[in-house]
Amino acid sequence: MMMNTLTTTLCTTLLLGTAALTTTNTEAAQFVAADNSPGTQLCMAVVSNKPLQLYATMKDLRINKNTTADKLHCNNMNMAKFAGTYGFDKTAKYLGIETTIDTSIQDLAKLNQQTIMVVAGSK
């Protein structure tokens with residue numbers, strides 16, 4: 001019984017630690033729009049990782065989900081790679097993009113420092 005409690009506590013601690021690392025990676029970087037083009041506005045809405053904000057931006061720009069998911073490029077990356085690289089899982093899920101398929105290596109030490117990322121969308 002003591003072993004099950006210890007195992008459960010250890011697994012919970014590991015899961016919480018992993019969640020904290022994932023959260024701080026995207027929070028450590030500050031994303032700034034390169035311009036005010038429609039593509040950049042959509043990329044910044046993806047960066048928000050808030051599906052409602054992305055929906056509102058797409059509605060304002062009269063652009064649908066398929067166009068955003070399939071044709072938009074942010075920082076010269078397709079939407080799946082961009083969302084997967086920076087961990088924008090909520091907006092990726094809203095767009096119907098699977099980000100867990102693509103494997104990438106992230107430098108956690110580099111991401112934990114305050115970084116300013118300039119975001120530019122495709123024209």
# chains A, B, ... in the order shown; residues from 1 in each chain; ligands from 1
>>> residues_around(residues="Val118 (chain A)", least_positions_apart="2", cutoff="8 Å", atoms="only C-alpha atoms", output="list in words")
Phe31, Val32, Ala33, Ala34, Ile116 and Ala120 of chain A
>>> write_last_selection(atoms="N, CA and C atoms", output="short mmCIF file (atom, residue, chain, number, x, y, z; two decimals), in the first residue's frame")
data_model
loop_
_atom_site.label_atom_id
_atom_site.label_comp_id
_atom_site.auth_asym_id
_atom_site.auth_seq_id
_atom_site.Cartn_x
_atom_site.Cartn_y
_atom_site.Cartn_z
N PHE A 31 6.25 37.40 -28.03
CA PHE A 31 6.02 37.44 -29.47
C PHE A 31 5.53 38.84 -29.86
N VAL A 32 6.19 39.42 -30.87
CA VAL A 32 5.89 40.78 -31.33
C VAL A 32 5.59 40.71 -32.82
N ALA A 33 4.54 41.40 -33.25
CA ALA A 33 4.15 41.42 -34.66
C ALA A 33 5.16 42.22 -35.49
N ALA A 34 5.55 41.67 -36.63
CA ALA A 34 6.50 42.35 -37.52
C ALA A 34 5.82 43.48 -38.29
N ILE A 116 12.60 37.66 -27.31
CA ILE A 116 11.61 38.38 -28.10
C ILE A 116 11.61 37.77 -29.50
N ALA A 120 5.97 37.08 -38.28
CA ALA A 120 5.52 37.60 -39.56
C ALA A 120 4.73 36.51 -40.28
#
>>> residues_around(residues="Met58 (chain A)", least_positions_apart="2", cutoff="10 Å", atoms="only C-alpha atoms", output="PyMOL selection string")
chain A and resi 38+41-42+45+52-56+60-65+67-68
>>> write_last_selection(atoms="C-alpha atoms", output="compact mmCIF listing (two decimals), in the first residue's frame")
# COMPACT_ATOMS: atom_id res chain seq x y z
CA PRO A 38 -3.56 40.07 -42.38
CA GLN A 41 -2.57 39.32 -37.54
CA LEU A 42 -3.58 35.67 -37.93
CA ALA A 45 -3.92 35.24 -32.99
CA LEU A 52 -11.86 32.52 -29.35
CA GLN A 53 -9.33 35.21 -30.22
CA LEU A 54 -8.27 33.28 -33.31
CA TYR A 55 -11.92 32.84 -34.32
CA ALA A 56 -12.58 36.58 -33.93
CA ASP A 60 -12.76 40.03 -38.96
CA LEU A 61 -10.42 39.16 -41.84
CA ARG A 62 -13.00 36.91 -43.53
CA ILE A 63 -10.63 33.96 -43.63
CA ASN A 64 -11.77 30.42 -42.84
CA LYS A 65 -10.12 27.65 -40.82
CA THR A 67 -7.18 28.57 -45.39
CA THR A 68 -5.52 29.43 -42.09
>>> select_by_dssp(residues="region 30-87 of chain A", states="alpha helix (DSSP H)", output="PyMOL selection string")
chain A and resi 38-47+51-61+65-71+79-86
>>> write_last_selection(atoms="C-alpha atoms", output="mmCIF file, in the first residue's frame")
data_model
loop_
_atom_site.group_PDB
_atom_site.id
_atom_site.type_symbol
_atom_site.label_atom_id
_atom_site.label_comp_id
_atom_site.auth_asym_id
_atom_site.auth_seq_id
_atom_site.Cartn_x
_atom_site.Cartn_y
_atom_site.Cartn_z
ATOM 1 C CA PRO A 38 -3.557 40.067 -42.383
ATOM 2 C CA GLY A 39 -1.153 37.114 -42.294
ATOM 3 C CA THR A 40 0.707 38.530 -39.307
ATOM 4 C CA GLN A 41 -2.567 39.320 -37.542
ATOM 5 C CA LEU A 42 -3.576 35.670 -37.928
ATOM 6 C CA CYS A 43 -0.169 34.466 -36.725
ATOM 7 C CA MET A 44 -0.455 36.675 -33.642
ATOM 8 C CA ALA A 45 -3.923 35.239 -32.986
ATOM 9 C CA VAL A 46 -2.379 31.752 -33.147
ATOM 10 C CA VAL A 47 0.352 32.925 -30.741
ATOM 11 C CA PRO A 51 -9.261 29.763 -29.876
ATOM 12 C CA LEU A 52 -11.861 32.517 -29.352
ATOM 13 C CA GLN A 53 -9.326 35.206 -30.216
ATOM 14 C CA LEU A 54 -8.269 33.276 -33.315
ATOM 15 C CA TYR A 55 -11.919 32.839 -34.317
ATOM 16 C CA ALA A 56 -12.584 36.584 -33.925
ATOM 17 C CA THR A 57 -9.505 37.494 -35.993
ATOM 18 C CA MET A 58 -10.442 35.046 -38.757
ATOM 19 C CA LYS A 59 -13.990 36.415 -38.776
ATOM 20 C CA ASP A 60 -12.757 40.033 -38.964
ATOM 21 C CA LEU A 61 -10.417 39.160 -41.841
ATOM 22 C CA LYS A 65 -10.121 27.650 -40.816
ATOM 23 C CA ASN A 66 -8.983 25.637 -43.827
ATOM 24 C CA THR A 67 -7.181 28.573 -45.391
ATOM 25 C CA THR A 68 -5.522 29.431 -42.091
ATOM 26 C CA ALA A 69 -4.473 25.844 -41.365
ATOM 27 C CA ASP A 70 -3.381 24.884 -44.879
ATOM 28 C CA LYS A 71 -2.020 28.044 -46.494
ATOM 29 C CA MET A 79 1.027 26.225 -39.348
ATOM 30 C CA ALA A 80 1.590 22.703 -37.970
ATOM 31 C CA LYS A 81 5.323 23.278 -37.531
ATOM 32 C CA PHE A 82 4.857 26.793 -36.085
ATOM 33 C CA ALA A 83 2.217 25.712 -33.560
ATOM 34 C CA GLY A 84 4.145 22.559 -32.660
ATOM 35 C CA THR A 85 7.485 24.328 -32.241
ATOM 36 C CA TYR A 86 6.170 26.908 -29.796
#
>>> select_by_dssp(residues="region 27-74 of chain A", states="strand (DSSP E)", output="list in words")
Ala29, Gln30, Phe31, Val32, Ala33, His73 and Cys74 of chain A
>>> atom_distance(atom1="CA of Glu98 (chain A)", atom2="CA of His73 (chain A)")
15.9 Å
>>> closest_residue(among="A:Thr91, A:Asn75, A:Val119, A:Gly96", to="Ser48 (chain A)", atoms="only C-alpha atoms")
A:Thr91
>>> closest_residue(among="A:Asn36, A:Cys74, A:Asn49, A:Thr115", to="Gly87 (chain A)", atoms="only C-alpha atoms")
A:Asn49
>>> atom_distance(atom1="CA of Met117 (chain A)", atom2="CA of Gln30 (chain A)")
5.9 Å
>>> closest_residue(among="A:Asp35, A:Gly121, A:Lys90, A:Ala29", to="Met77 (chain A)", atoms="only C-alpha atoms")
A:Gly121
>>> decode(residues="region 71-97 of chain A", atoms="N, CA and C atoms", output="mmCIF file, in the first residue's frame")
data_model
loop_
_atom_site.group_PDB
_atom_site.id
_atom_site.type_symbol
_atom_site.label_atom_id
_atom_site.label_comp_id
_atom_site.auth_asym_id
_atom_site.auth_seq_id
_atom_site.Cartn_x
_atom_site.Cartn_y
_atom_site.Cartn_z
ATOM 1 N N LYS A 71 -2.780 27.128 -45.644
ATOM 2 C CA LYS A 71 -2.020 28.044 -46.494
ATOM 3 C C LYS A 71 -1.211 29.094 -45.746
ATOM 4 N N LEU A 72 -1.566 29.376 -44.511
ATOM 5 C CA LEU A 72 -0.846 30.405 -43.761
ATOM 6 C C LEU A 72 0.507 29.887 -43.285
ATOM 7 N N HIS A 73 1.522 30.705 -43.446
ATOM 8 C CA HIS A 73 2.854 30.411 -42.924
ATOM 9 C C HIS A 73 3.231 31.520 -41.943
ATOM 10 N N CYS A 74 3.734 31.134 -40.797
ATOM 11 C CA CYS A 74 4.209 32.090 -39.794
ATOM 12 C C CYS A 74 5.707 31.878 -39.620
ATOM 13 N N ASN A 75 6.465 32.949 -39.769
ATOM 14 C CA ASN A 75 7.931 32.879 -39.693
ATOM 15 C C ASN A 75 8.492 31.792 -40.612
ATOM 16 N N ASN A 76 7.953 31.748 -41.826
ATOM 17 C CA ASN A 76 8.383 30.795 -42.857
ATOM 18 C C ASN A 76 8.194 29.333 -42.456
ATOM 19 N N MET A 77 7.248 29.064 -41.554
ATOM 20 C CA MET A 77 6.910 27.693 -41.162
ATOM 21 C C MET A 77 5.435 27.474 -41.446
ATOM 22 N N ASN A 78 5.088 26.261 -41.886
ATOM 23 C CA ASN A 78 3.669 25.987 -42.047
ATOM 24 C C ASN A 78 3.022 25.980 -40.656
ATOM 25 N N MET A 79 1.726 26.050 -40.623
ATOM 26 C CA MET A 79 1.027 26.225 -39.348
ATOM 27 C C MET A 79 1.287 25.082 -38.371
ATOM 28 N N ALA A 80 1.339 23.846 -38.852
ATOM 29 C CA ALA A 80 1.590 22.703 -37.970
ATOM 30 C C ALA A 80 2.959 22.809 -37.309
ATOM 31 N N LYS A 81 3.965 23.164 -38.081
ATOM 32 C CA LYS A 81 5.323 23.278 -37.531
ATOM 33 C C LYS A 81 5.416 24.462 -36.575
ATOM 34 N N PHE A 82 4.819 25.604 -36.937
ATOM 35 C CA PHE A 82 4.857 26.793 -36.085
ATOM 36 C C PHE A 82 4.171 26.525 -34.742
ATOM 37 N N ALA A 83 2.960 25.989 -34.796
ATOM 38 C CA ALA A 83 2.217 25.712 -33.560
ATOM 39 C C ALA A 83 2.913 24.640 -32.727
ATOM 40 N N GLY A 84 3.454 23.626 -33.379
ATOM 41 C CA GLY A 84 4.145 22.559 -32.660
ATOM 42 C C GLY A 84 5.452 23.011 -32.031
ATOM 43 N N THR A 85 6.194 23.854 -32.730
ATOM 44 C CA THR A 85 7.485 24.328 -32.241
ATOM 45 C C THR A 85 7.329 25.147 -30.970
ATOM 46 N N TYR A 86 6.324 26.002 -30.934
ATOM 47 C CA TYR A 86 6.170 26.908 -29.796
ATOM 48 C C TYR A 86 5.082 26.478 -28.811
ATOM 49 N N GLY A 87 4.416 25.364 -29.062
ATOM 50 C CA GLY A 87 3.464 24.819 -28.109
ATOM 51 C C GLY A 87 2.103 25.506 -28.082
ATOM 52 N N PHE A 88 1.640 25.976 -29.226
ATOM 53 C CA PHE A 88 0.315 26.602 -29.284
ATOM 54 C C PHE A 88 -0.725 25.522 -29.565
ATOM 55 N N ASP A 89 -0.898 24.643 -28.607
ATOM 56 C CA ASP A 89 -1.744 23.475 -28.792
ATOM 57 C C ASP A 89 -3.234 23.794 -28.859
ATOM 58 N N LYS A 90 -3.690 24.803 -28.149
ATOM 59 C CA LYS A 90 -5.121 25.118 -28.144
ATOM 60 C C LYS A 90 -5.573 25.673 -29.489
ATOM 61 N N THR A 91 -4.809 26.594 -30.049
ATOM 62 C CA THR A 91 -5.197 27.145 -31.352
ATOM 63 C C THR A 91 -4.972 26.108 -32.457
ATOM 64 N N ALA A 92 -3.959 25.271 -32.312
ATOM 65 C CA ALA A 92 -3.739 24.209 -33.297
ATOM 66 C C ALA A 92 -4.909 23.231 -33.289
ATOM 67 N N LYS A 93 -5.360 22.865 -32.104
ATOM 68 C CA LYS A 93 -6.503 21.953 -31.993
ATOM 69 C C LYS A 93 -7.739 22.587 -32.618
ATOM 70 N N TYR A 94 -7.959 23.871 -32.372
ATOM 71 C CA TYR A 94 -9.098 24.575 -32.964
ATOM 72 C C TYR A 94 -9.046 24.521 -34.490
ATOM 73 N N LEU A 95 -7.852 24.634 -35.048
ATOM 74 C CA LEU A 95 -7.679 24.592 -36.504
ATOM 75 C C LEU A 95 -7.689 23.166 -37.059
ATOM 76 N N GLY A 96 -7.730 22.178 -36.170
ATOM 77 C CA GLY A 96 -7.724 20.784 -36.601
ATOM 78 C C GLY A 96 -6.345 20.294 -36.987
ATOM 79 N N ILE A 97 -5.330 20.892 -36.391
ATOM 80 C CA ILE A 97 -3.944 20.524 -36.691
ATOM 81 C C ILE A 97 -3.413 19.644 -35.577
#
